[in-house]
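What follows is a set of notes on a single structure, which appears directly below.
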Amino acid sequence: MDIETIIFLSFILVLSIFLGFELISKVPSTLHTPLMSGSNAISGITIVGALIASGLNASPVLTTILGTLAVIFATINVIGGYLVTDKMLKMFKTKDKGKK
Amino acid sequence: MFIDFIINYSYLIAAVFFIFGLKLLSSLKNAAKGNLISAIGMFIAVVATLLEKDIVNYTWITVGLIIGSFIGVITAKKVKMTAMPEMVALLNGFGGLASLLVGWGIFYSDMQIQSFTAFTIFLSVLIGGVTFTGSMVAWAKLSGKIGSKPFLFTGQLIVNLSLLIITVFMGIYFSIFPSTSYGILVALVVISNILGILFVVPIGGADMPVIISLLNSYSGLAGCAAGFVIQNNVLIVSGALVGASGIILTSIMCKAMNRSLPNVLFSGFGSITTSVKEEITGKYKSSIPQDAFYVLEAAKSIVIVPGYGLAVAQAQHALKELCDLLEENGTDIKFAIHPVAGRMPGHMNVLLAEADISYDKLIEMDDINRIIDNIDVCIVVGANDVVNLSARDDKSSAIFGMPIIEVDRAKNVFVIKRSMSAGFAGIQNPLFYKENSSMIFGDAKKVISEIIEQF
(Lines give C-alpha, C1' and ligand atoms only; values in the text may rest on other atoms or scores of the structure.)
Protein backbone atom coordinates (compact mmCIF):
# COMPACT_ATOMS: atom_id res chain seq x y z
CA MET A 1 0.00 0.00 0.00
CA ASP A 2 1.61 3.27 -1.01
CA ILE A 3 1.66 6.28 1.25
CA GLU A 4 -0.98 8.15 -0.76
CA THR A 5 -3.51 5.35 -0.31
CA ILE A 6 -2.83 5.28 3.41
CA ILE A 7 -3.40 9.02 3.72
CA PHE A 8 -6.50 8.87 1.54
CA LEU A 9 -8.03 6.05 3.62
CA SER A 10 -7.14 7.83 6.86
CA PHE A 11 -8.90 10.98 5.60
CA ILE A 12 -12.04 8.96 4.99
CA LEU A 13 -11.77 7.36 8.42
CA VAL A 14 -11.42 10.61 10.34
CA LEU A 15 -14.15 12.46 8.45
CA SER A 16 -16.53 9.52 8.87
CA ILE A 17 -15.98 9.49 12.61
CA PHE A 18 -16.95 13.16 12.80
CA LEU A 19 -19.98 12.49 10.62
CA GLY A 20 -20.94 9.58 12.89
CA PHE A 21 -20.80 11.77 16.00
CA GLU A 22 -22.96 14.42 14.30
CA LEU A 23 -25.54 11.88 13.14
CA ILE A 24 -25.91 9.91 16.33
CA SER A 25 -25.94 12.64 18.95
CA LYS A 26 -29.42 13.59 17.75
CA VAL A 27 -31.00 10.20 18.38
CA PRO A 28 -33.54 10.32 21.27
CA SER A 29 -33.12 7.89 24.15
CA THR A 30 -36.34 6.06 23.23
CA LEU A 31 -34.60 4.84 20.10
CA HIS A 32 -31.31 3.81 21.68
CA THR A 33 -31.94 0.08 21.39
CA PRO A 34 -33.02 0.17 17.72
CA LEU A 35 -30.07 2.46 17.04
CA MET A 36 -27.75 -0.07 18.57
CA SER A 37 -29.12 -3.07 16.71
CA GLY A 38 -29.38 -1.05 13.49
CA SER A 39 -25.81 0.18 13.64
CA ASN A 40 -24.82 -3.32 14.63
CA ALA A 41 -26.28 -4.55 11.35
CA ILE A 42 -24.26 -1.92 9.51
CA SER A 43 -21.09 -3.20 11.17
CA GLY A 44 -21.84 -6.45 9.36
CA ILE A 45 -20.40 -4.62 6.31
CA THR A 46 -17.37 -6.82 7.01
CA ILE A 47 -19.32 -9.16 4.76
CA VAL A 48 -17.65 -7.34 1.83
CA GLY A 49 -14.23 -8.44 3.10
CA ALA A 50 -15.59 -11.91 3.79
CA LEU A 51 -16.90 -12.30 0.25
CA ILE A 52 -13.54 -11.30 -1.19
CA ALA A 53 -11.65 -13.70 1.11
CA SER A 54 -13.87 -16.66 0.32
CA GLY A 55 -13.99 -16.03 -3.44
CA LEU A 56 -10.30 -15.47 -4.21
CA ASN A 57 -9.25 -17.88 -6.91
CA ALA A 58 -5.66 -18.83 -6.28
CA SER A 59 -6.10 -18.78 -2.56
CA PRO A 60 -5.13 -21.66 -0.24
CA VAL A 61 -7.84 -23.88 1.21
CA LEU A 62 -7.57 -22.32 4.67
CA THR A 63 -8.36 -18.87 3.28
CA THR A 64 -11.46 -20.21 1.58
CA ILE A 65 -12.56 -21.92 4.80
CA LEU A 66 -11.94 -18.83 6.92
CA GLY A 67 -13.60 -16.64 4.30
CA THR A 68 -16.67 -18.85 4.09
CA LEU A 69 -17.01 -18.90 7.89
CA ALA A 70 -16.67 -15.12 7.83
CA VAL A 71 -19.44 -14.92 5.21
CA ILE A 72 -21.72 -17.04 7.41
CA PHE A 73 -21.19 -14.99 10.57
CA ALA A 74 -21.32 -11.63 8.79
CA THR A 75 -24.55 -12.65 7.04
CA ILE A 76 -26.13 -13.65 10.36
CA ASN A 77 -25.04 -10.27 11.72
CA VAL A 78 -26.50 -8.37 8.76
CA ILE A 79 -29.77 -10.25 8.24
CA GLY A 80 -30.44 -10.80 11.95
CA GLY A 81 -29.56 -7.20 12.79
CA TYR A 82 -31.85 -5.60 10.22
CA LEU A 83 -34.78 -7.93 10.91
CA VAL A 84 -34.58 -7.50 14.66
CA THR A 85 -34.38 -3.72 14.31
CA ASP A 86 -37.36 -3.73 12.01
CA LYS A 87 -39.30 -5.87 14.47
CA MET A 88 -38.62 -3.40 17.27
CA LEU A 89 -39.41 -0.31 15.22
CA LYS A 90 -42.71 -1.80 14.07
CA MET A 91 -43.82 -1.93 17.70
CA PHE A 92 -43.16 1.77 18.10
CA LYS A 93 -44.90 2.46 14.82
CA THR A 94 -48.23 0.67 15.30
CA LYS A 95 -48.82 2.64 18.44
CA ASP A 96 -48.24 5.88 16.61
CA LYS A 97 -51.03 5.02 14.20
CA GLY A 98 -53.38 3.95 16.94
CA LYS A 99 -53.07 7.30 18.62
CA LYS A 100 -54.06 9.37 15.61
CA MET B 1 -11.55 -0.56 -15.58
CA PHE B 2 -15.17 0.22 -16.29
CA ILE B 3 -16.34 -2.48 -13.87
CA ASP B 4 -14.10 -1.02 -11.16
CA PHE B 5 -15.79 2.30 -11.74
CA ILE B 6 -19.23 0.77 -11.26
CA ILE B 7 -18.19 -1.17 -8.16
CA ASN B 8 -16.66 1.82 -6.43
CA TYR B 9 -19.56 4.10 -7.21
CA SER B 10 -21.92 1.45 -5.85
CA TYR B 11 -19.89 1.50 -2.64
CA LEU B 12 -20.29 5.26 -2.52
CA ILE B 13 -24.06 4.91 -2.94
CA ALA B 14 -24.11 2.25 -0.22
CA ALA B 15 -22.26 4.59 2.15
CA VAL B 16 -24.76 7.38 1.40
CA PHE B 17 -27.63 4.97 2.15
CA PHE B 18 -26.06 4.06 5.51
CA ILE B 19 -25.70 7.72 6.41
CA PHE B 20 -29.28 8.52 5.44
CA GLY B 21 -30.51 5.44 7.26
CA LEU B 22 -28.81 6.50 10.48
CA LYS B 23 -30.07 10.05 10.06
CA LEU B 24 -33.67 8.86 9.77
CA LEU B 25 -33.20 6.77 12.92
CA SER B 26 -33.26 9.98 14.95
CA SER B 27 -37.03 10.38 14.69
CA LEU B 28 -39.63 7.83 15.72
CA LYS B 29 -41.69 8.51 12.64
CA ASN B 30 -38.98 7.72 10.10
CA ALA B 31 -36.92 5.18 12.01
CA ALA B 32 -38.34 2.10 10.26
CA LYS B 33 -37.77 3.72 6.87
CA GLY B 34 -34.20 4.54 7.91
CA ASN B 35 -33.56 0.92 8.78
CA LEU B 36 -34.89 -0.18 5.40
CA ILE B 37 -32.71 2.32 3.54
CA SER B 38 -29.67 1.14 5.46
CA ALA B 39 -30.55 -2.48 4.55
CA ILE B 40 -30.81 -1.53 0.86
CA GLY B 41 -27.38 0.08 1.16
CA MET B 42 -26.02 -3.22 2.48
CA PHE B 43 -27.62 -5.10 -0.41
CA ILE B 44 -26.01 -2.74 -2.94
CA ALA B 45 -22.61 -3.19 -1.27
CA VAL B 46 -22.89 -6.99 -1.39
CA VAL B 47 -23.97 -7.08 -5.04
CA ALA B 48 -21.18 -4.68 -6.02
CA THR B 49 -18.63 -6.87 -4.25
CA LEU B 50 -19.78 -9.92 -6.16
CA LEU B 51 -18.79 -8.13 -9.40
CA GLU B 52 -15.22 -7.75 -8.12
CA LYS B 53 -12.80 -9.34 -10.59
CA ASP B 54 -10.75 -10.95 -7.81
CA ILE B 55 -13.72 -13.11 -7.01
CA VAL B 56 -13.93 -16.08 -9.31
CA ASN B 57 -15.25 -18.85 -7.14
CA TYR B 58 -18.88 -18.39 -6.14
CA THR B 59 -19.56 -21.84 -4.71
CA TRP B 60 -18.48 -21.16 -1.16
CA ILE B 61 -19.88 -17.64 -1.22
CA THR B 62 -23.30 -19.05 -2.06
CA VAL B 63 -23.02 -21.69 0.64
CA GLY B 64 -22.02 -19.06 3.22
CA LEU B 65 -24.75 -16.65 2.23
CA ILE B 66 -27.46 -19.30 2.35
CA ILE B 67 -26.42 -20.72 5.73
CA GLY B 68 -25.97 -17.23 7.20
CA SER B 69 -29.31 -15.93 5.91
CA PHE B 70 -31.12 -19.01 7.16
CA ILE B 71 -29.73 -18.73 10.68
CA GLY B 72 -30.21 -14.95 10.68
CA VAL B 73 -33.87 -15.12 9.67
CA ILE B 74 -34.70 -17.92 12.12
CA THR B 75 -33.07 -16.24 15.12
CA ALA B 76 -34.61 -12.85 14.33
CA LYS B 77 -38.06 -14.41 13.99
CA LYS B 78 -37.77 -16.43 17.18
CA VAL B 79 -36.31 -13.83 19.52
CA LYS B 80 -38.54 -12.37 22.22
CA MET B 81 -38.48 -8.69 23.06
CA THR B 82 -37.33 -9.46 26.59
CA ALA B 83 -34.33 -11.29 25.13
CA MET B 84 -33.24 -8.31 23.04
CA PRO B 85 -30.10 -7.39 25.04
CA GLU B 86 -28.55 -10.83 24.61
CA MET B 87 -29.60 -10.91 20.95
CA VAL B 88 -27.80 -7.63 20.28
CA ALA B 89 -24.73 -8.96 22.11
CA LEU B 90 -24.77 -12.18 20.08
CA LEU B 91 -25.06 -10.46 16.68
CA ASN B 92 -22.39 -8.01 17.70
CA GLY B 93 -20.03 -10.85 18.52
CA PHE B 94 -20.62 -12.47 15.12
CA GLY B 95 -19.66 -9.22 13.40
CA GLY B 96 -16.43 -9.13 15.39
CA LEU B 97 -15.69 -12.78 14.59
CA ALA B 98 -16.19 -12.09 10.88
CA SER B 99 -13.62 -9.27 11.01
CA LEU B 100 -11.15 -11.56 12.75
CA LEU B 101 -11.64 -14.29 10.13
CA VAL B 102 -11.29 -11.81 7.25
CA GLY B 103 -7.99 -10.48 8.63
CA TRP B 104 -6.66 -14.00 9.17
CA GLY B 105 -7.87 -15.36 5.82
CA ILE B 106 -6.53 -12.46 3.77
CA PHE B 107 -3.13 -12.74 5.45
CA TYR B 108 -2.96 -16.48 4.83
CA SER B 109 -3.62 -15.98 1.11
CA ASP B 110 -0.67 -13.63 0.72
CA MET B 111 1.98 -13.15 3.40
CA GLN B 112 4.25 -10.94 1.30
CA ILE B 113 2.73 -7.70 2.52
CA GLN B 114 3.88 -4.32 3.72
CA SER B 115 4.09 -3.33 7.36
CA PHE B 116 1.08 -1.04 7.23
CA THR B 117 -1.19 -3.74 5.83
CA ALA B 118 0.19 -6.17 8.40
CA PHE B 119 -0.58 -3.67 11.14
CA THR B 120 -4.20 -3.34 9.98
CA ILE B 121 -4.49 -7.13 9.89
CA PHE B 122 -3.22 -7.19 13.47
CA LEU B 123 -5.85 -4.61 14.49
CA SER B 124 -8.59 -6.43 12.63
CA VAL B 125 -7.75 -9.70 14.41
CA LEU B 126 -7.26 -8.09 17.82
CA ILE B 127 -10.41 -5.94 17.88
CA GLY B 128 -12.43 -8.64 16.15
CA GLY B 129 -11.34 -11.26 18.69
CA VAL B 130 -12.01 -9.07 21.72
CA THR B 131 -15.43 -8.12 20.32
CA PHE B 132 -16.27 -11.76 19.65
CA THR B 133 -15.49 -13.38 22.98
CA GLY B 134 -16.40 -10.24 24.94
CA SER B 135 -19.84 -10.26 23.35
CA MET B 136 -20.20 -14.00 23.95
CA VAL B 137 -19.52 -13.52 27.67
CA ALA B 138 -21.97 -10.59 27.72
CA TRP B 139 -24.51 -12.81 25.92
CA ALA B 140 -24.01 -15.62 28.44
CA LYS B 141 -24.40 -13.21 31.36
CA LEU B 142 -27.48 -11.53 29.93
CA SER B 143 -29.26 -14.75 29.05
CA GLY B 144 -28.48 -16.23 32.47
CA LYS B 145 -26.21 -18.98 31.09
CA ILE B 146 -23.63 -17.83 33.63
CA GLY B 147 -24.10 -15.68 36.72
CA SER B 148 -24.17 -11.95 36.11
CA LYS B 149 -22.10 -11.19 39.21
CA PRO B 150 -18.61 -9.87 38.55
CA PHE B 151 -16.15 -12.74 38.31
CA LEU B 152 -12.93 -11.83 40.06
CA PHE B 153 -9.64 -13.42 40.97
CA THR B 154 -6.57 -11.98 42.63
CA GLY B 155 -4.07 -10.36 40.33
CA GLN B 156 -6.67 -9.97 37.60
CA LEU B 157 -5.55 -6.47 36.71
CA ILE B 158 -1.92 -7.56 36.45
CA VAL B 159 -2.77 -10.57 34.28
CA ASN B 160 -4.87 -8.40 31.96
CA LEU B 161 -2.27 -5.67 31.68
CA SER B 162 0.60 -8.08 31.00
CA LEU B 163 -1.45 -9.87 28.35
CA LEU B 164 -2.25 -6.55 26.73
CA ILE B 165 1.40 -5.50 26.72
CA ILE B 166 2.46 -8.86 25.25
CA THR B 167 -0.20 -8.42 22.57
CA VAL B 168 1.06 -4.98 21.64
CA PHE B 169 4.64 -6.22 21.32
CA MET B 170 3.58 -9.22 19.26
CA GLY B 171 1.57 -6.85 17.06
CA ILE B 172 4.58 -4.63 16.49
CA TYR B 173 6.82 -7.58 15.67
CA PHE B 174 4.19 -8.99 13.34
CA SER B 175 3.87 -5.64 11.55
CA ILE B 176 7.62 -5.40 10.96
CA PHE B 177 8.21 -9.00 9.84
CA PRO B 178 4.84 -10.18 8.52
CA SER B 179 6.10 -12.73 5.98
CA THR B 180 7.81 -14.91 8.61
CA SER B 181 5.30 -14.40 11.41
CA TYR B 182 2.36 -16.63 10.62
CA GLY B 183 2.76 -18.39 13.98
CA ILE B 184 2.56 -15.06 15.76
CA LEU B 185 -0.69 -14.20 14.00
CA VAL B 186 -2.23 -17.49 15.10
CA ALA B 187 -1.07 -16.77 18.66
CA LEU B 188 -2.63 -13.32 18.37
CA VAL B 189 -5.93 -14.87 17.33
CA VAL B 190 -5.88 -16.97 20.51
CA ILE B 191 -4.75 -14.16 22.82
CA SER B 192 -7.27 -11.63 21.51
CA ASN B 193 -10.04 -14.10 22.26
CA ILE B 194 -8.71 -14.64 25.78
CA LEU B 195 -8.49 -10.86 26.26
CA GLY B 196 -12.15 -10.48 25.29
CA ILE B 197 -13.20 -12.98 27.96
CA LEU B 198 -11.02 -11.42 30.66
CA PHE B 199 -12.30 -7.99 29.73
CA VAL B 200 -16.00 -8.75 30.30
CA VAL B 201 -16.05 -11.35 33.13
CA PRO B 202 -15.38 -8.77 35.88
CA ILE B 203 -18.31 -6.61 34.72
CA GLY B 204 -21.50 -6.89 36.79
CA GLY B 205 -25.02 -7.04 35.41
CA ALA B 206 -25.87 -3.42 36.21
CA ASP B 207 -22.95 -2.18 34.12
CA MET B 208 -24.05 -4.14 31.06
CA PRO B 209 -25.53 -1.11 29.24
CA VAL B 210 -22.05 0.41 29.15
CA ILE B 211 -20.36 -2.79 28.00
CA ILE B 212 -22.88 -3.53 25.26
CA SER B 213 -22.48 -0.02 23.88
CA LEU B 214 -18.72 -0.31 24.03
CA LEU B 215 -18.68 -3.70 22.29
CA ASN B 216 -20.99 -2.22 19.67
CA SER B 217 -18.41 0.44 19.06
CA TYR B 218 -15.63 -2.18 18.86
CA SER B 219 -17.48 -4.17 16.23
CA GLY B 220 -17.52 -1.01 14.10
CA LEU B 221 -13.82 -0.40 14.66
CA ALA B 222 -13.06 -4.02 13.75
CA GLY B 223 -14.91 -3.45 10.48
CA CYS B 224 -12.85 -0.29 9.97
CA ALA B 225 -9.61 -2.24 10.43
CA ALA B 226 -10.81 -4.89 7.97
CA GLY B 227 -11.54 -2.02 5.57
CA PHE B 228 -7.90 -0.94 5.72
CA VAL B 229 -6.83 -4.55 5.11
CA ILE B 230 -8.72 -4.81 1.82
CA GLN B 231 -8.42 -1.05 1.13
CA ASN B 232 -12.13 -0.59 0.90
CA ASN B 233 -13.81 2.76 1.54
CA VAL B 234 -17.28 1.54 2.35
CA LEU B 235 -15.97 -0.62 5.20
CA ILE B 236 -14.05 2.29 6.64
CA VAL B 237 -17.00 4.69 6.42
CA SER B 238 -19.57 2.35 7.91
CA GLY B 239 -17.15 1.00 10.51
CA ALA B 240 -16.41 4.55 11.64
CA LEU B 241 -20.12 5.43 11.80
CA VAL B 242 -20.82 2.43 14.03
CA GLY B 243 -17.72 3.09 16.10
CA ALA B 244 -18.82 6.68 16.73
CA SER B 245 -22.37 5.65 17.56
CA GLY B 246 -21.16 3.09 20.09
CA ILE B 247 -18.85 5.62 21.73
CA ILE B 248 -21.68 8.15 22.09
CA LEU B 249 -23.98 5.58 23.68
CA THR B 250 -21.16 4.48 25.99
CA SER B 251 -20.59 8.02 27.20
CA ILE B 252 -24.34 8.62 27.70
CA MET B 253 -24.54 5.45 29.81
CA CYS B 254 -21.46 6.40 31.84
CA LYS B 255 -22.87 9.86 32.52
CA ALA B 256 -26.13 8.34 33.69
CA MET B 257 -24.18 6.42 36.30
CA ASN B 258 -21.88 9.31 37.14
CA ARG B 259 -18.89 7.13 36.45
CA SER B 260 -15.97 7.24 34.08
CA LEU B 261 -15.39 4.48 31.58
CA PRO B 262 -12.20 3.23 33.28
CA ASN B 263 -14.16 3.12 36.52
CA VAL B 264 -16.80 0.86 34.95
CA LEU B 265 -14.19 -1.35 33.29
CA PHE B 266 -11.96 -1.81 36.31
CA SER B 267 -14.12 -1.14 39.37
CA GLY B 268 -15.17 -4.78 39.51
CA PHE B 269 -11.66 -5.42 40.80
CA GLY B 270 -12.27 -3.40 43.93
CA SER B 271 -15.80 -4.50 44.64
CA ILE B 272 -14.89 -7.35 46.98
CA THR B 273 -13.66 -5.01 49.66
CA THR B 274 -16.15 -2.17 49.38
CA SER B 275 -19.52 -3.81 48.95
CA VAL B 276 -20.18 -5.40 52.30
CA LYS B 277 -19.31 -2.64 54.70
CA GLU B 278 -22.64 -0.90 55.18
CA GLU B 279 -25.69 -2.54 56.66
CA ILE B 280 -28.80 -0.54 57.36
CA THR B 281 -30.70 -1.56 60.43
CA GLY B 282 -34.23 -0.34 60.62
CA LYS B 283 -37.76 -1.32 59.99
CA TYR B 284 -39.42 -1.57 56.66
CA LYS B 285 -43.12 -1.82 56.01
CA SER B 286 -44.44 -4.74 54.07
CA SER B 287 -47.77 -4.55 52.27
CA ILE B 288 -49.99 -6.99 50.45
CA PRO B 289 -51.39 -6.23 46.97
CA GLN B 290 -54.84 -5.52 48.46
CA ASP B 291 -53.45 -2.62 50.50
CA ALA B 292 -51.77 -1.24 47.42
CA PHE B 293 -55.03 -1.42 45.51
CA TYR B 294 -56.83 0.94 47.90
CA VAL B 295 -54.03 3.48 47.70
CA LEU B 296 -53.80 3.23 43.92
CA GLU B 297 -57.53 3.55 43.50
CA ALA B 298 -57.55 6.78 45.49
CA ALA B 299 -54.50 8.25 43.75
CA LYS B 300 -54.82 10.99 41.14
CA SER B 301 -51.34 10.70 39.75
CA ILE B 302 -49.07 7.68 39.59
CA VAL B 303 -45.50 7.33 38.39
CA ILE B 304 -44.19 3.87 37.58
CA VAL B 305 -40.43 3.28 37.70
CA PRO B 306 -39.57 0.12 35.77
CA GLY B 307 -36.28 -1.74 36.07
CA TYR B 308 -34.63 -4.94 35.00
CA GLY B 309 -36.93 -6.96 37.29
CA LEU B 310 -39.82 -6.04 35.01
CA ALA B 311 -38.04 -7.69 32.10
CA VAL B 312 -37.11 -10.77 34.14
CA ALA B 313 -40.69 -11.27 35.32
CA GLN B 314 -42.01 -10.45 31.82
CA ALA B 315 -44.54 -8.27 33.60
CA GLN B 316 -44.89 -5.60 30.91
CA HIS B 317 -48.28 -6.83 29.65
CA ALA B 318 -49.70 -7.12 33.14
CA LEU B 319 -48.44 -3.61 33.78
CA LYS B 320 -50.22 -2.32 30.68
CA GLU B 321 -53.45 -3.92 31.89
CA LEU B 322 -53.08 -2.25 35.28
CA CYS B 323 -52.47 1.09 33.60
CA ASP B 324 -55.60 0.77 31.46
CA LEU B 325 -57.69 0.01 34.54
CA LEU B 326 -56.24 2.93 36.47
CA GLU B 327 -56.72 5.31 33.57
CA GLU B 328 -60.36 4.29 33.30
CA ASN B 329 -60.49 5.20 36.94
CA GLY B 330 -59.31 8.71 36.05
CA THR B 331 -55.71 8.40 37.23
CA ASP B 332 -52.86 10.10 35.41
CA ILE B 333 -50.08 7.61 34.73
CA LYS B 334 -46.51 8.27 33.76
CA PHE B 335 -43.47 6.08 33.42
CA ALA B 336 -40.12 7.32 34.67
CA ILE B 337 -37.27 5.95 32.60
CA HIS B 338 -33.75 6.03 33.98
CA PRO B 339 -31.13 5.92 31.20
CA VAL B 340 -29.45 2.83 32.65
CA ALA B 341 -32.60 0.99 33.73
CA GLY B 342 -32.36 -2.53 32.35
CA ARG B 343 -29.44 -4.14 30.61
CA MET B 344 -28.94 -2.05 27.50
CA PRO B 345 -29.54 1.52 26.35
CA GLY B 346 -33.26 2.03 25.78
CA HIS B 347 -34.16 -1.40 27.18
CA MET B 348 -37.25 -0.20 29.08
CA ASN B 349 -38.54 1.75 26.09
CA VAL B 350 -38.53 -1.36 23.94
CA LEU B 351 -40.13 -3.45 26.65
CA LEU B 352 -42.98 -1.00 27.27
CA ALA B 353 -43.43 -0.46 23.54
CA GLU B 354 -43.95 -4.19 23.18
CA ALA B 355 -46.75 -4.03 25.73
CA ASP B 356 -48.27 -1.25 23.63
CA ILE B 357 -47.76 1.45 26.22
CA SER B 358 -47.77 4.78 24.41
CA TYR B 359 -44.31 6.34 24.33
CA ASP B 360 -45.56 9.83 25.21
CA LYS B 361 -46.18 8.45 28.71
CA LEU B 362 -42.49 7.64 29.09
CA ILE B 363 -40.77 10.52 30.84
CA GLU B 364 -37.03 10.95 31.24
CA MET B 365 -35.44 11.11 34.66
CA ASP B 366 -34.79 14.87 34.87
CA ASP B 367 -38.31 15.79 33.84
CA ILE B 368 -39.92 13.43 36.32
CA ASN B 369 -37.75 14.66 39.19
CA ARG B 370 -39.05 18.18 38.55
CA ILE B 371 -42.69 17.17 39.17
CA ILE B 372 -42.32 14.24 41.53
CA ASP B 373 -43.27 16.20 44.68
CA ASN B 374 -46.84 16.41 43.43
CA ILE B 375 -47.18 12.74 42.60
CA ASP B 376 -49.48 10.69 44.82
CA VAL B 377 -47.95 7.27 44.32
CA CYS B 378 -44.72 5.94 42.89
CA ILE B 379 -44.56 2.27 42.02
CA VAL B 380 -41.07 0.88 41.66
CA VAL B 381 -41.21 -2.32 39.62
CA GLY B 382 -38.06 -4.40 39.73
CA ALA B 383 -35.72 -1.43 39.92
CA ASN B 384 -33.25 -0.80 42.72
CA ASP B 385 -30.03 1.00 41.95
CA VAL B 386 -31.74 3.71 39.87
CA VAL B 387 -33.83 4.68 42.92
CA ASN B 388 -31.14 4.12 45.54
CA LEU B 389 -31.15 7.09 47.90
CA SER B 390 -27.53 6.41 48.92
CA ALA B 391 -26.53 7.90 45.59
CA ARG B 392 -28.04 11.20 46.71
CA ASP B 393 -27.62 11.23 50.48
CA ASP B 394 -24.69 9.09 51.53
CA LYS B 395 -21.33 10.58 50.62
CA SER B 396 -19.47 7.43 51.63
CA SER B 397 -21.50 5.25 49.28
CA ALA B 398 -19.85 3.71 46.23
CA ILE B 399 -22.60 5.03 43.99
CA PHE B 400 -22.76 8.52 45.50
CA GLY B 401 -23.35 11.12 42.78
CA MET B 402 -25.21 8.87 40.38
CA PRO B 403 -28.37 10.67 39.25
CA ILE B 404 -31.47 8.82 40.48
CA ILE B 405 -35.21 9.05 40.19
CA GLU B 406 -36.08 10.58 43.55
CA VAL B 407 -39.17 8.51 44.28
CA ASP B 408 -39.05 9.19 48.03
CA ARG B 409 -40.32 12.72 47.35
CA ALA B 410 -43.67 11.36 46.18
CA LYS B 411 -46.40 10.98 48.79
CA ASN B 412 -46.41 7.19 48.75
CA VAL B 413 -44.00 4.66 47.35
CA PHE B 414 -44.62 1.00 46.64
CA VAL B 415 -41.63 -1.14 45.85
CA ILE B 416 -42.41 -4.40 44.13
CA LYS B 417 -39.41 -6.63 44.69
CA ARG B 418 -38.69 -10.27 45.24
CA SER B 419 -36.75 -9.85 48.47
CA MET B 420 -34.87 -7.33 50.58
CA SER B 421 -31.59 -8.22 48.90
CA ALA B 422 -29.37 -5.46 47.59
CA GLY B 423 -29.24 -4.66 43.89
CA PHE B 424 -26.45 -5.51 41.50
CA ALA B 425 -24.33 -2.71 42.90
CA GLY B 426 -24.49 -4.65 46.19
CA ILE B 427 -25.57 -1.58 48.11
CA GLN B 428 -28.48 -1.42 50.54
CA ASN B 429 -31.23 1.00 49.62
CA PRO B 430 -32.39 3.41 52.37
CA LEU B 431 -35.55 3.99 50.34
CA PHE B 432 -37.02 0.75 51.66
CA TYR B 433 -36.84 2.02 55.23
CA LYS B 434 -38.50 5.38 54.55
CA GLU B 435 -41.79 6.14 56.26
CA ASN B 436 -43.71 6.75 53.06
CA SER B 437 -42.54 3.60 51.34
CA SER B 438 -43.72 0.05 51.66
CA MET B 439 -42.52 -3.15 50.14
CA ILE B 440 -44.64 -5.65 48.25
CA PHE B 441 -42.67 -8.85 48.06
CA GLY B 442 -43.10 -11.20 45.17
CA ASP B 443 -42.63 -11.71 41.47
CA ALA B 444 -43.55 -8.49 39.64
CA LYS B 445 -46.01 -10.19 37.31
CA LYS B 446 -47.76 -12.03 40.11
CA VAL B 447 -48.05 -8.96 42.32
CA ILE B 448 -49.43 -6.81 39.50
CA SER B 449 -51.94 -9.49 38.54
CA GLU B 450 -53.10 -9.66 42.14
CA ILE B 451 -53.64 -5.91 42.20
CA ILE B 452 -55.58 -6.14 38.93
CA GLU B 453 -57.86 -8.80 40.43
CA GLN B 454 -59.06 -6.26 42.98
CA PHE B 455 -60.65 -4.07 40.33
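Here's how to read the names in the C-alpha coordinates: chain A, B, ... by the order shown, residue numbers from 1 in each chain, ligand numbers from 1 in the order shown.
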Exercise. Which residues in segment 66-206 of chain B does DSSP call helix (DSSP H, G or I)? List them as a ChimeraX atom specification.
Worked result: /B:66-78,81-109,115-142,156-176,178-180,182-200,205-206
For this session: Would you list the contacts of Leu89 of chain A as number ranges by chain, taking every protein, DNA or RNA residue within 9 Å and counting only C-alpha atoms, but skipping same-chain residues closer than 5 positions in sequence?
Result: A: 31, 34, 84, 94; B: 28, 31-32, 35, 350
Select from segment 224-314 of chain B every residue with an atom at most 10 Å from any atom of segment 387-394 of chain B, then for each give the shortest pair of atoms and their distance in Å to one decimal, using only C-alpha atoms, rows by chain and rising number, as JSON lines.
```
{"residue": "B:Met257", "atom": "CA", "partner": "B:Ala391", "partner_atom": "CA", "distance": 9.7}
{"residue": "B:Asn258", "atom": "CA", "partner": "B:Ala391", "partner_atom": "CA", "distance": 9.7}
{"residue": "B:Val305", "atom": "CA", "partner": "B:Val387", "partner_atom": "CA", "distance": 8.5}
{"residue": "B:Gly307", "atom": "CA", "partner": "B:Val387", "partner_atom": "CA", "distance": 9.7}
```
Exercise. Which residues come within 7 Å of Phe73 of chain A, counting only C-alpha atoms, excluding same-chain residues fewer than 5 positions away, as a PyMOL selection string?
Worked result: chain B and resi 68+94-95+98
Skip Ile65 of chain A itself and residues of its chain fewer than 4 positions away, then list as a PDB file with N, CA and C atoms, in the first residue's frame all residues within 8 Å of it, counting only C-alpha atoms.
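The resulting file, result.pdb, is shown below:
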```pdb
ATOM      1  N   SER A  54     -13.419 -15.301   0.631  1.00  0.00           N
ATOM      2  CA  SER A  54     -13.870 -16.659   0.317  1.00  0.00           C
ATOM      3  C   SER A  54     -13.915 -16.902  -1.190  1.00  0.00           C
ATOM      4  N   VAL A  61      -6.584 -23.345   0.673  1.00  0.00           N
ATOM      5  CA  VAL A  61      -7.843 -23.876   1.213  1.00  0.00           C
ATOM      6  C   VAL A  61      -8.239 -23.165   2.498  1.00  0.00           C
ATOM      7  N   LEU A  69     -16.514 -19.087   6.516  1.00  0.00           N
ATOM      8  CA  LEU A  69     -17.011 -18.903   7.886  1.00  0.00           C
ATOM      9  C   LEU A  69     -17.340 -17.433   8.137  1.00  0.00           C
TER      10      LEU A  69
END
```
Exercise. Rounded to one decimal in Å, what is the spacing between atom CA of Asn216 of chain B and atom CA of Val229 of chain B?
Worked result: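 According to the coordinates, atom CA of Asn216 of chain B and atom CA of Val229 of chain B are separated by 20.4 Å.
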For this session: Extract, using only C-alpha atoms, all DNA, RNA and protein residues at most 10 Å from Leu19 of chain A, discarding same-chain residues fewer than 5 positions from it, and format them as a list in words.
Result: Leu13, Val14 and Ile24 of chain A; Ile19, Val237, Ala240, Leu241 and Ala244 of chain B
